[in-house]
Structures are given as C-alpha cells and as structure tokens.
Amino acid sequence: RTSSMRSTELVNARSQYDTASLPKEVRDDLHERLRFGCTMSHVRLWMKLLSTNSPFFVILEDDARVVPDFQKRFMDALRQLPKDWDLFYAFACDIRPGEYLRADVRQFRGGACTLGYAISRKGADYLLFNAAIGSELPVDKMMHVPVSLGRIHAFYADPFLVQRVDDAHVQSTLAYL
C-alpha cells in the first residue's frame with residue numbers, strides 16, 4: 001500500500017502516523033517500513049563495528065537522553081563487566097532481572113528496548129549471523145531471544161543511564177509510545 005507512494009507522500013503520512021486520519025492499512029504498512037528501517041539501522045551499525053578495530057559500539061536511538069556524567073558512569077560500568085560480555089543496556093523495558101554484578105550493574109535475563117546499549121564485537125557477530133538472518137521480529141525482540149536462551153551475555157545499568165525523551169517535539173521515529 002505504501003510502496004507506490006512518492007517520498008513526499010511518505011513524509012506526509014509519517015507526520016500523520018499518530019492520528020486516526022490515516023487508513024489502518026496505510027498505518028500498518030507504514031509501521032512495517034519504519035520498523036524495518038529501525039532494525040536495519042541497528043544491523044548496519046553492528047556490521048560497521050565488525051569492519052573496525054573498535055572493541056564495542058555504544059548505540060543510542062533518536063529519542064534517547066543520557067543522564068548527567070553518562071560517559072564516566074557508562075565506562076565505569078563497562079570496566080566491571082566480565083571479559084565475555086556481549087550487550088550492556090543503558091535502558092531496558094520489560095526486564096527479566098538477574099543477579100547484581102555490582103551495585104549499579106545487573107545481569108539481564110531478557111527484555112526489550114534498544115534506546116541505549118553497548119554491543120561488543122562478539123555480540124555483534126552473534127546477532128548478525130545467528131539472530132538477525134531470517135528474523136521478522138523487531139530488533140529489540142530479536143535481541144531478546146538469544147539473551148533469554150543464555151547465548152548472549154547481557155547486563156544492564158541499574159539505575160538506567162539513558163532515559164526516553166518526554167518532549168512532544170522529539171519523539172521516536174516509530175512513535176510506539
């Protein structure tokens with residue numbers, strides 16, 4: 001339904017995404033395009049990580065706001081993680097919490113949201129070649145599967161180091177919330 005729309009029509013439809021003015025079929029198609037774009041932006045960053053010598057990437061979505069002293073607190077937490085860590089979430093939704101690694105870092109047993117996280121080279125490699133290929137899940141749900149199965153070593157900041165922007169002028173591209 002949206003494949004025949006011109007670029008300007010898609011932009012206009014996106015601006016009306018949160019209103020009832022779009023027909024349900026167009027909303028659903030537009031949502032799938034936005035969701036796919038979101039997933040591909042994460043996948044491309046994981047690919048980029050593997051093409052560099054960087055040990056990890058920090059990925060923040062467009063509606064993320066970091067807490068004061070973010071860089072120091074984030075790096076302090078990363079230094080405390082086991083050497084084989086794969087993901088470190090600065091924010092998470094629907095958390096299945098695990099044990100405390102230390103006062104402000106916990107094991108992540110599963111959940112959702114990709115608002116802010118760090119991914120190691122090993123984590124990117126696993127997600128690219130074992131989880132993303134053939135998956136039709138949204139990126140956060142696709143990442144959840146290997147975490148909940150114990151195939152990815154994931155941790156999260158407690159309290160969170162990233163917050164969702166609550167500004168009406170700055171909202172997620174997908175506008176889930």
# chains A, B, ... in the order shown; residues from 1 in each chain; ligands from 1

$ residues_around --residues "Glu61 of chain A" --least-positions-apart "6" --cutoff "10 Å" --atoms "only C-alpha atoms" --output "list in words"
Cys38, Ser41, His42, Cys113, Thr114, Leu115, Gly116, Tyr117, Arg164, Ser172 and Thr173 of chain A

$ write_last_selection --atoms "N, CA, C and O atoms" --output "tab-separated table (two decimals), in the first residue's frame"
chain	number	residue	atom	x	y	z
A	38	CYS	N	14.25	0.75	11.30
A	38	CYS	CA	14.86	0.75	12.63
A	38	CYS	C	15.78	-0.46	12.79
A	38	CYS	O	16.93	-0.33	13.21
A	41	SER	N	18.92	-0.12	10.75
A	41	SER	CA	19.90	0.85	11.28
A	41	SER	C	20.76	0.20	12.35
A	41	SER	O	21.97	0.43	12.41
A	42	HIS	N	20.18	-0.65	13.18
A	42	HIS	CA	20.96	-1.38	14.18
A	42	HIS	C	21.88	-2.39	13.51
A	42	HIS	O	23.07	-2.46	13.83
A	113	CYS	N	13.57	-3.19	24.27
A	113	CYS	CA	14.03	-1.80	24.08
A	113	CYS	C	15.49	-1.73	23.66
A	113	CYS	O	16.33	-2.44	24.17
A	114	THR	N	15.74	-0.86	22.73
A	114	THR	CA	17.10	-0.62	22.24
A	114	THR	C	17.41	0.88	22.30
A	114	THR	O	18.19	1.38	21.50
A	115	LEU	N	16.83	1.56	23.27
A	115	LEU	CA	17.01	3.00	23.41
A	115	LEU	C	18.48	3.37	23.56
A	115	LEU	O	18.94	4.34	22.98
A	116	GLY	N	19.21	2.59	24.33
A	116	GLY	CA	20.63	2.83	24.52
A	116	GLY	C	21.32	1.57	25.00
A	116	GLY	O	20.87	0.96	25.97
A	117	TYR	N	22.38	1.17	24.30
A	117	TYR	CA	23.10	-0.04	24.69
A	117	TYR	C	24.50	-0.03	24.08
A	117	TYR	O	24.77	0.70	23.13
A	164	ARG	N	14.15	7.99	28.06
A	164	ARG	CA	13.41	8.35	26.86
A	164	ARG	C	13.04	9.82	26.94
A	164	ARG	O	12.63	10.31	27.98
A	172	SER	N	10.17	9.32	19.16
A	172	SER	CA	10.72	8.20	18.40
A	172	SER	C	10.18	8.22	16.98
A	172	SER	O	9.03	8.57	16.73
A	173	THR	N	11.03	7.80	16.06
A	173	THR	CA	10.63	7.70	14.67
A	173	THR	C	9.45	6.72	14.52
A	173	THR	O	8.57	6.93	13.71

$ select_by_dssp --residues "segment 30-176 of chain A" --states "helix (DSSP H, G or I)" --output "number ranges by chain"
A: 30-50, 70-80, 121-132, 139-148

$ atom_distance --atom1 "atom CA of Val66 of chain A" --atom2 "atom CA of Gln163 of chain A"
6.2 Å

$ residues_around --residues "Val43 of chain A" --least-positions-apart "5" --cutoff "9 Å" --atoms "only C-alpha atoms" --output "PyMOL selection string"
chain A and resi 38+48+124+127-128+132+139

$ select_by_dssp --residues "segment 18-151 of chain A" --states "strand (DSSP E or B)" --output "list in words"
Phe56, Phe57, Val58, Ile59, Leu60, Ala64, Arg65, Val66, Leu87, Phe88, Tyr89, Cys93, Pro97, Gly98, Glu99, Tyr100, Leu101, Arg102, Val105, Arg106, Gln107, Phe108, Ala112, Gly116, Tyr117, Ala118, Ile119 and Ser120 of chain A

$ write_last_selection --atoms "N, CA and C atoms" --output "short mmCIF file (atom, residue, chain, number, x, y, z; two decimals), in the first residue's frame"
data_model
loop_
_atom_site.label_atom_id
_atom_site.label_comp_id
_atom_site.auth_asym_id
_atom_site.auth_seq_id
_atom_site.Cartn_x
_atom_site.Cartn_y
_atom_site.Cartn_z
N PHE A 56 33.88 -2.24 20.88
CA PHE A 56 32.44 -2.16 21.07
C PHE A 56 31.93 -0.85 20.49
N PHE A 57 30.63 -0.78 20.29
CA PHE A 57 29.93 0.45 19.91
C PHE A 57 28.89 0.76 20.97
N VAL A 58 28.65 2.03 21.20
CA VAL A 58 27.53 2.48 22.01
C VAL A 58 26.48 2.99 21.02
N ILE A 59 25.28 2.48 21.13
CA ILE A 59 24.20 2.82 20.20
C ILE A 59 23.07 3.49 20.97
N LEU A 60 22.73 4.70 20.53
CA LEU A 60 21.64 5.46 21.15
C LEU A 60 20.61 5.77 20.07
N ALA A 64 16.63 9.19 22.72
CA ALA A 64 17.35 8.92 23.96
C ALA A 64 17.95 10.20 24.54
N ARG A 65 17.92 10.27 25.84
CA ARG A 65 18.58 11.36 26.56
C ARG A 65 19.46 10.72 27.63
N VAL A 66 20.74 11.07 27.60
CA VAL A 66 21.67 10.48 28.56
C VAL A 66 21.60 11.24 29.88
N LEU A 87 26.32 -7.66 25.46
CA LEU A 87 25.45 -6.48 25.45
C LEU A 87 25.43 -5.84 26.82
N PHE A 88 25.40 -4.52 26.81
CA PHE A 88 25.21 -3.78 28.06
C PHE A 88 24.15 -2.72 27.78
N TYR A 89 22.99 -2.90 28.39
CA TYR A 89 21.87 -2.00 28.19
C TYR A 89 21.94 -0.82 29.16
N CYS A 93 13.30 -2.29 28.76
CA CYS A 93 11.87 -2.40 29.07
C CYS A 93 11.56 -3.87 29.36
N PRO A 97 15.04 -9.37 35.41
CA PRO A 97 16.31 -9.08 36.07
C PRO A 97 17.03 -10.33 36.55
N GLY A 98 18.33 -10.21 36.54
CA GLY A 98 19.18 -11.27 37.08
C GLY A 98 19.90 -10.74 38.31
N GLU A 99 20.93 -11.43 38.69
CA GLU A 99 21.69 -11.07 39.88
C GLU A 99 22.46 -9.77 39.66
N TYR A 100 22.78 -9.13 40.78
CA TYR A 100 23.63 -7.94 40.73
C TYR A 100 25.06 -8.39 40.50
N LEU A 101 25.71 -7.74 39.54
CA LEU A 101 27.13 -7.94 39.32
C LEU A 101 27.89 -7.03 40.29
N ARG A 102 27.32 -5.85 40.48
CA ARG A 102 27.78 -4.88 41.46
C ARG A 102 26.61 -3.96 41.74
N VAL A 105 25.04 -2.53 38.36
CA VAL A 105 25.02 -3.37 37.15
C VAL A 105 24.40 -4.72 37.51
N ARG A 106 23.42 -5.11 36.69
CA ARG A 106 22.75 -6.40 36.91
C ARG A 106 22.82 -7.26 35.65
N GLN A 107 22.73 -8.56 35.86
CA GLN A 107 22.61 -9.48 34.72
C GLN A 107 21.24 -9.27 34.09
N PHE A 108 21.21 -9.28 32.78
CA PHE A 108 19.99 -9.07 32.01
C PHE A 108 19.56 -10.43 31.48
N ALA A 112 13.25 -5.97 26.54
CA ALA A 112 13.12 -5.31 25.25
C ALA A 112 13.74 -3.92 25.32
N GLY A 116 19.21 2.59 24.33
CA GLY A 116 20.63 2.83 24.52
C GLY A 116 21.32 1.57 25.00
N TYR A 117 22.38 1.17 24.30
CA TYR A 117 23.10 -0.04 24.69
C TYR A 117 24.50 -0.03 24.08
N ALA A 118 25.36 -0.84 24.65
CA ALA A 118 26.68 -1.11 24.07
C ALA A 118 26.66 -2.55 23.59
N ILE A 119 27.34 -2.77 22.48
CA ILE A 119 27.44 -4.12 21.93
C ILE A 119 28.91 -4.40 21.63
N SER A 120 29.37 -5.57 22.06
CA SER A 120 30.76 -5.97 21.79
C SER A 120 30.86 -6.55 20.39
#

$ residues_around --residues "segment 67-75 of chain A" --least-positions-apart "2" --cutoff "8 Å" --atoms "only C-alpha atoms" --output "count of residues only"
8

$ atom_distance --atom1 "atom CA of Ile95 of chain A" --atom2 "atom CA of Gly111 of chain A"
4.4 Å

$ closest_residue --among "A:Arg44, A:Lys24, A:Arg6, A:His144" --to "Asp125 of chain A" --atoms "only C-alpha atoms"
A:Arg44

$ atom_distance --atom1 "atom CA of Asp158 of chain A" --atom2 "atom CA of Arg35 of chain A"
27.5 Å
